[in-house]
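Asker: Contents of target-v4.cif (mmCIF, C-alpha atoms):
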```cif
data_upload
#
loop_
_atom_site.group_PDB
_atom_site.id
_atom_site.type_symbol
_atom_site.label_atom_id
_atom_site.label_comp_id
_atom_site.auth_asym_id
_atom_site.auth_seq_id
_atom_site.Cartn_x
_atom_site.Cartn_y
_atom_site.Cartn_z
ATOM 1 C CA GLN A 1 -9.018 -16.091 -52.890
ATOM 2 C CA VAL A 2 -7.914 -15.820 -56.500
ATOM 3 C CA GLN A 3 -4.308 -16.755 -57.119
ATOM 4 C CA LEU A 4 -2.347 -16.773 -60.342
ATOM 5 C CA VAL A 5 1.211 -18.104 -60.199
ATOM 6 C CA GLU A 6 3.412 -17.765 -63.262
ATOM 7 C CA SER A 7 6.555 -19.768 -63.942
ATOM 8 C CA GLY A 8 8.877 -20.664 -66.782
ATOM 9 C CA GLY A 9 10.586 -17.376 -67.504
ATOM 10 C CA GLY A 10 14.321 -16.986 -67.919
ATOM 11 C CA LEU A 11 17.175 -15.947 -70.166
ATOM 12 C CA VAL A 12 17.155 -17.263 -73.726
ATOM 13 C CA GLN A 13 19.087 -16.470 -76.879
ATOM 14 C CA PRO A 14 17.363 -14.917 -79.898
ATOM 15 C CA GLY A 15 15.578 -17.626 -81.863
ATOM 16 C CA GLY A 16 15.073 -19.748 -78.779
ATOM 17 C CA SER A 17 11.926 -20.941 -77.061
ATOM 18 C CA LEU A 18 10.316 -20.779 -73.638
ATOM 19 C CA ARG A 19 7.085 -22.122 -72.217
ATOM 20 C CA LEU A 20 5.337 -20.085 -69.542
ATOM 21 C CA SER A 21 2.804 -21.595 -67.167
ATOM 22 C CA CYS A 22 0.173 -19.963 -64.992
ATOM 23 C CA ALA A 23 -1.391 -22.065 -62.251
ATOM 24 C CA ALA A 24 -4.780 -20.724 -61.188
ATOM 25 C CA SER A 25 -6.912 -21.188 -58.093
ATOM 26 C CA GLY A 26 -9.767 -19.538 -56.216
ATOM 27 C CA PHE A 27 -12.197 -19.203 -59.104
ATOM 28 C CA THR A 28 -13.963 -21.390 -61.658
ATOM 29 C CA PHE A 29 -11.139 -21.774 -64.130
ATOM 30 C CA SER A 30 -13.055 -23.763 -66.725
ATOM 31 C CA ILE A 31 -15.526 -20.949 -67.429
ATOM 32 C CA SER A 32 -12.994 -18.108 -67.356
ATOM 33 C CA ALA A 33 -11.224 -16.530 -70.285
ATOM 34 C CA MET A 34 -7.496 -16.237 -69.597
ATOM 35 C CA ARG A 35 -4.950 -13.755 -70.875
ATOM 36 C CA TRP A 36 -1.202 -13.193 -71.009
ATOM 37 C CA TYR A 37 0.127 -9.637 -70.882
ATOM 38 C CA ARG A 38 3.665 -8.322 -70.912
ATOM 39 C CA GLN A 39 5.369 -5.147 -69.819
ATOM 40 C CA ALA A 40 8.782 -4.071 -71.036
ATOM 41 C CA PRO A 41 10.821 -1.436 -69.167
ATOM 42 C CA GLY A 42 9.432 2.045 -69.802
ATOM 43 C CA LYS A 43 6.473 0.728 -71.775
ATOM 44 C CA ALA A 44 2.798 0.172 -71.063
ATOM 45 C CA ARG A 45 1.487 -3.284 -70.292
ATOM 46 C CA GLU A 46 0.191 -4.910 -73.466
ATOM 47 C CA LEU A 47 -2.061 -7.864 -74.230
ATOM 48 C CA VAL A 48 -0.086 -10.694 -75.800
ATOM 49 C CA ALA A 49 -2.604 -13.542 -76.098
ATOM 50 C CA ALA A 50 -6.035 -14.605 -74.891
ATOM 51 C CA ILE A 51 -8.020 -17.824 -74.812
ATOM 52 C CA THR A 52 -11.735 -18.259 -74.218
ATOM 53 C CA SER A 53 -13.213 -20.693 -71.757
ATOM 54 C CA ALA A 54 -15.547 -22.877 -73.757
ATOM 55 C CA GLU A 55 -14.224 -23.428 -77.246
ATOM 56 C CA GLY A 56 -10.700 -22.357 -76.461
ATOM 57 C CA SER A 57 -10.707 -19.736 -79.199
ATOM 58 C CA THR A 58 -7.520 -17.695 -79.223
ATOM 59 C CA ASN A 59 -6.300 -14.318 -80.336
ATOM 60 C CA TYR A 60 -2.867 -12.743 -80.404
ATOM 61 C CA ALA A 61 -1.095 -9.435 -80.666
ATOM 62 C CA ASP A 62 0.177 -8.867 -84.190
ATOM 63 C CA SER A 63 3.743 -8.800 -82.891
ATOM 64 C CA VAL A 64 3.590 -12.435 -81.718
ATOM 65 C CA LYS A 65 1.282 -14.075 -84.275
ATOM 66 C CA GLY A 66 2.814 -17.205 -85.713
ATOM 67 C CA ARG A 67 5.420 -17.401 -82.927
ATOM 68 C CA PHE A 68 3.434 -17.685 -79.675
ATOM 69 C CA THR A 69 0.699 -20.176 -78.790
ATOM 70 C CA ILE A 70 -1.668 -19.904 -75.832
ATOM 71 C CA SER A 71 -3.337 -23.035 -74.506
ATOM 72 C CA ARG A 72 -5.111 -24.244 -71.386
ATOM 73 C CA ASP A 73 -5.638 -27.385 -69.340
ATOM 74 C CA ASN A 74 -8.927 -27.138 -67.464
ATOM 75 C CA VAL A 75 -8.132 -30.217 -65.371
ATOM 76 C CA LYS A 76 -4.833 -28.795 -64.159
ATOM 77 C CA LYS A 77 -6.301 -25.247 -64.017
ATOM 78 C CA THR A 78 -3.276 -23.995 -65.894
ATOM 79 C CA VAL A 79 -2.799 -21.724 -68.877
ATOM 80 C CA TYR A 80 0.348 -21.864 -70.986
ATOM 81 C CA LEU A 81 2.191 -19.603 -73.367
ATOM 82 C CA GLN A 82 4.548 -21.367 -75.765
ATOM 83 C CA MET A 83 6.972 -18.809 -77.163
ATOM 84 C CA ASN A 84 9.094 -19.701 -80.185
ATOM 85 C CA SER A 85 11.483 -17.725 -82.377
ATOM 86 C CA LEU A 86 12.017 -15.291 -79.544
ATOM 87 C CA LYS A 87 13.360 -11.824 -80.311
ATOM 88 C CA PRO A 88 15.068 -9.227 -78.094
ATOM 89 C CA ASP A 89 11.859 -7.150 -78.373
ATOM 90 C CA ASP A 90 10.037 -9.941 -76.513
ATOM 91 C CA THR A 91 12.025 -9.098 -73.377
ATOM 92 C CA ALA A 92 9.516 -8.177 -70.676
ATOM 93 C CA VAL A 93 7.795 -9.297 -67.517
ATOM 94 C CA TYR A 94 4.948 -11.595 -68.514
ATOM 95 C CA TYR A 95 1.740 -11.606 -66.481
ATOM 96 C CA CYS A 96 -1.200 -13.953 -66.329
ATOM 97 C CA ASN A 97 -4.612 -12.275 -66.049
ATOM 98 C CA VAL A 98 -8.220 -13.181 -65.373
ATOM 99 C CA TYR A 99 -11.340 -11.122 -64.828
ATOM 100 C CA ALA A 100 -13.319 -12.858 -62.077
ATOM 101 C CA GLY A 101 -15.466 -10.032 -60.785
ATOM 102 C CA PHE A 102 -12.261 -8.047 -60.519
ATOM 103 C CA ASN A 103 -9.133 -7.869 -62.620
ATOM 104 C CA TYR A 104 -6.607 -10.285 -61.111
ATOM 105 C CA TRP A 105 -2.895 -10.507 -61.956
ATOM 106 C CA GLY A 106 -0.094 -12.884 -61.161
ATOM 107 C CA GLN A 107 3.261 -11.714 -59.825
ATOM 108 C CA GLY A 108 4.854 -11.928 -63.260
ATOM 109 C CA THR A 109 7.776 -13.872 -64.673
ATOM 110 C CA GLN A 110 10.779 -12.249 -66.349
ATOM 111 C CA VAL A 111 11.643 -13.200 -69.919
ATOM 112 C CA THR A 112 14.960 -11.906 -71.252
ATOM 113 C CA VAL A 113 15.985 -12.531 -74.849
ATOM 114 C CA SER A 114 19.631 -11.713 -75.357
ATOM 115 C CA SER A 115 22.814 -13.136 -76.823
#
```
If you took the structure in this file and wrote it as structure tokens, what would it be?
Answerer:
Amino acid sequence: QVQLVESGGGLVQPGGSLRLSCAASGFTFSISAMRWYRQAPGKARELVAAITSAEGSTNYADSVKGRFTISRDNVKKTVYLQMNSLKPDDTAVYYCNVYAGFNYWGQGTQVTVSS
């Protein structure tokens, strides 16, 4: 079955960095577009970044452009989200997502940006 396991969240000061990882299994990772979403308390879940399967083309929410970078390792079946220059507004639970006949989600990893 499809599994997405996120890791790498935590507490970081404003201006700091974190790298999230999402280990995938149960589907053909190399041909699947992958996405990172986030959900802050009281807010709707929003798309943060996406990466295609073949060429690895990426796109980002305007709020994170220039600060976040999505990447993938098709051998390790892992997608990453490098987050730099973090702001308090980036505080949220971050989820990995794939559509593989159905919309699958990981369990989420908490990112808290606070001094």
Asker: For Lys43 in chain A, which residue among A:Thr91, A:Asn103, A:Ser7, A:Gln82 is the nearest when counting all atoms listed in the file?
Answerer: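 Between A:Thr91, A:Asn103, A:Ser7, A:Gln82, the residue approaching Lys43 in chain A most closely is A:Thr91.
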Asker: So, counting only C-alpha atoms, which residue among A:Cys96, A:Tyr60, A:Lys87, A:Thr78 is closest to Ala24 in chain A?
Answerer: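 Result for the nearest residue to Ala24 in chain A: A:Thr78.
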Asker: Name the residues captured by the PyMOL selection byres ((chain A and resi 5) around 12) when it is applied to the shown file; answer as an NGL selection string.
Answerer: :A and (2-4 or 6-9 or 20-26 or 77-80 or 94-98 or 104-109)
Asker: Between A:Pro88, A:Gly66, A:Gly42, A:Gly56, which is the closest to Gly16 in chain A once you count only C-alpha atoms?
Answerer: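 Result for the nearest residue to Gly16 in chain A: A:Pro88.
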Asker: Would you please work out which residue, of A:Gln110, A:Thr58, A:Asn84, A:Asn74, is nearest to Gln13 in chain A when using all atoms listed in the file?
Answerer: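 Among the listed residues, the smallest separation from Gln13 in chain A belongs to A:Asn84.
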Asker: Assuming the chain letters and numbering stay as they are in my file, what does the PyMOL selection byres ((chain A and resi 48) around 7) actually select? List them as an NGL selection string.
Answerer: :A and (36-38 or 46-47 or 49 or 60-61)
Asker: Counting only C-alpha atoms, which of A:Ser30, A:Gln1, A:Ser53, A:Ser63 gets nearest to Asp90 in chain A?
Answerer: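 Looking only at the distances to Asp90 in chain A, the closest residue turns out to be A:Ser63.
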Asker: Grab the CA of Val113 in chain A to CA of Val12 in chain A distance for me, in Å with one decimal place.
Answerer: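 Taking CA of Val113 in chain A and CA of Val12 in chain A, their separation equals 5.0 Å.
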Asker: Could you please determine the separation between CA of Ile51 in chain A and CA of Thr69 in chain A in Å, to one decimal place?
Answerer: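 Separating CA of Ile51 in chain A from CA of Thr69 in chain A is a distance of 9.9 Å.
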Asker: What gap, in Å, lies between CA of Phe27 in chain A and CA of Ala92 in chain A?
Answerer: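 Taking CA of Phe27 in chain A as the start and CA of Ala92 in chain A as the end point, the length is 27.0 Å.
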Asker: Would you mind telling me which residue in A:Leu81, A:Ser114, A:Ala50, A:Glu55 lies nearest to Met34 in chain A when using only C-alpha atoms?
Answerer: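 Comparing A:Leu81, A:Ser114, A:Ala50, A:Glu55 against Met34 in chain A, the winner is A:Ala50.
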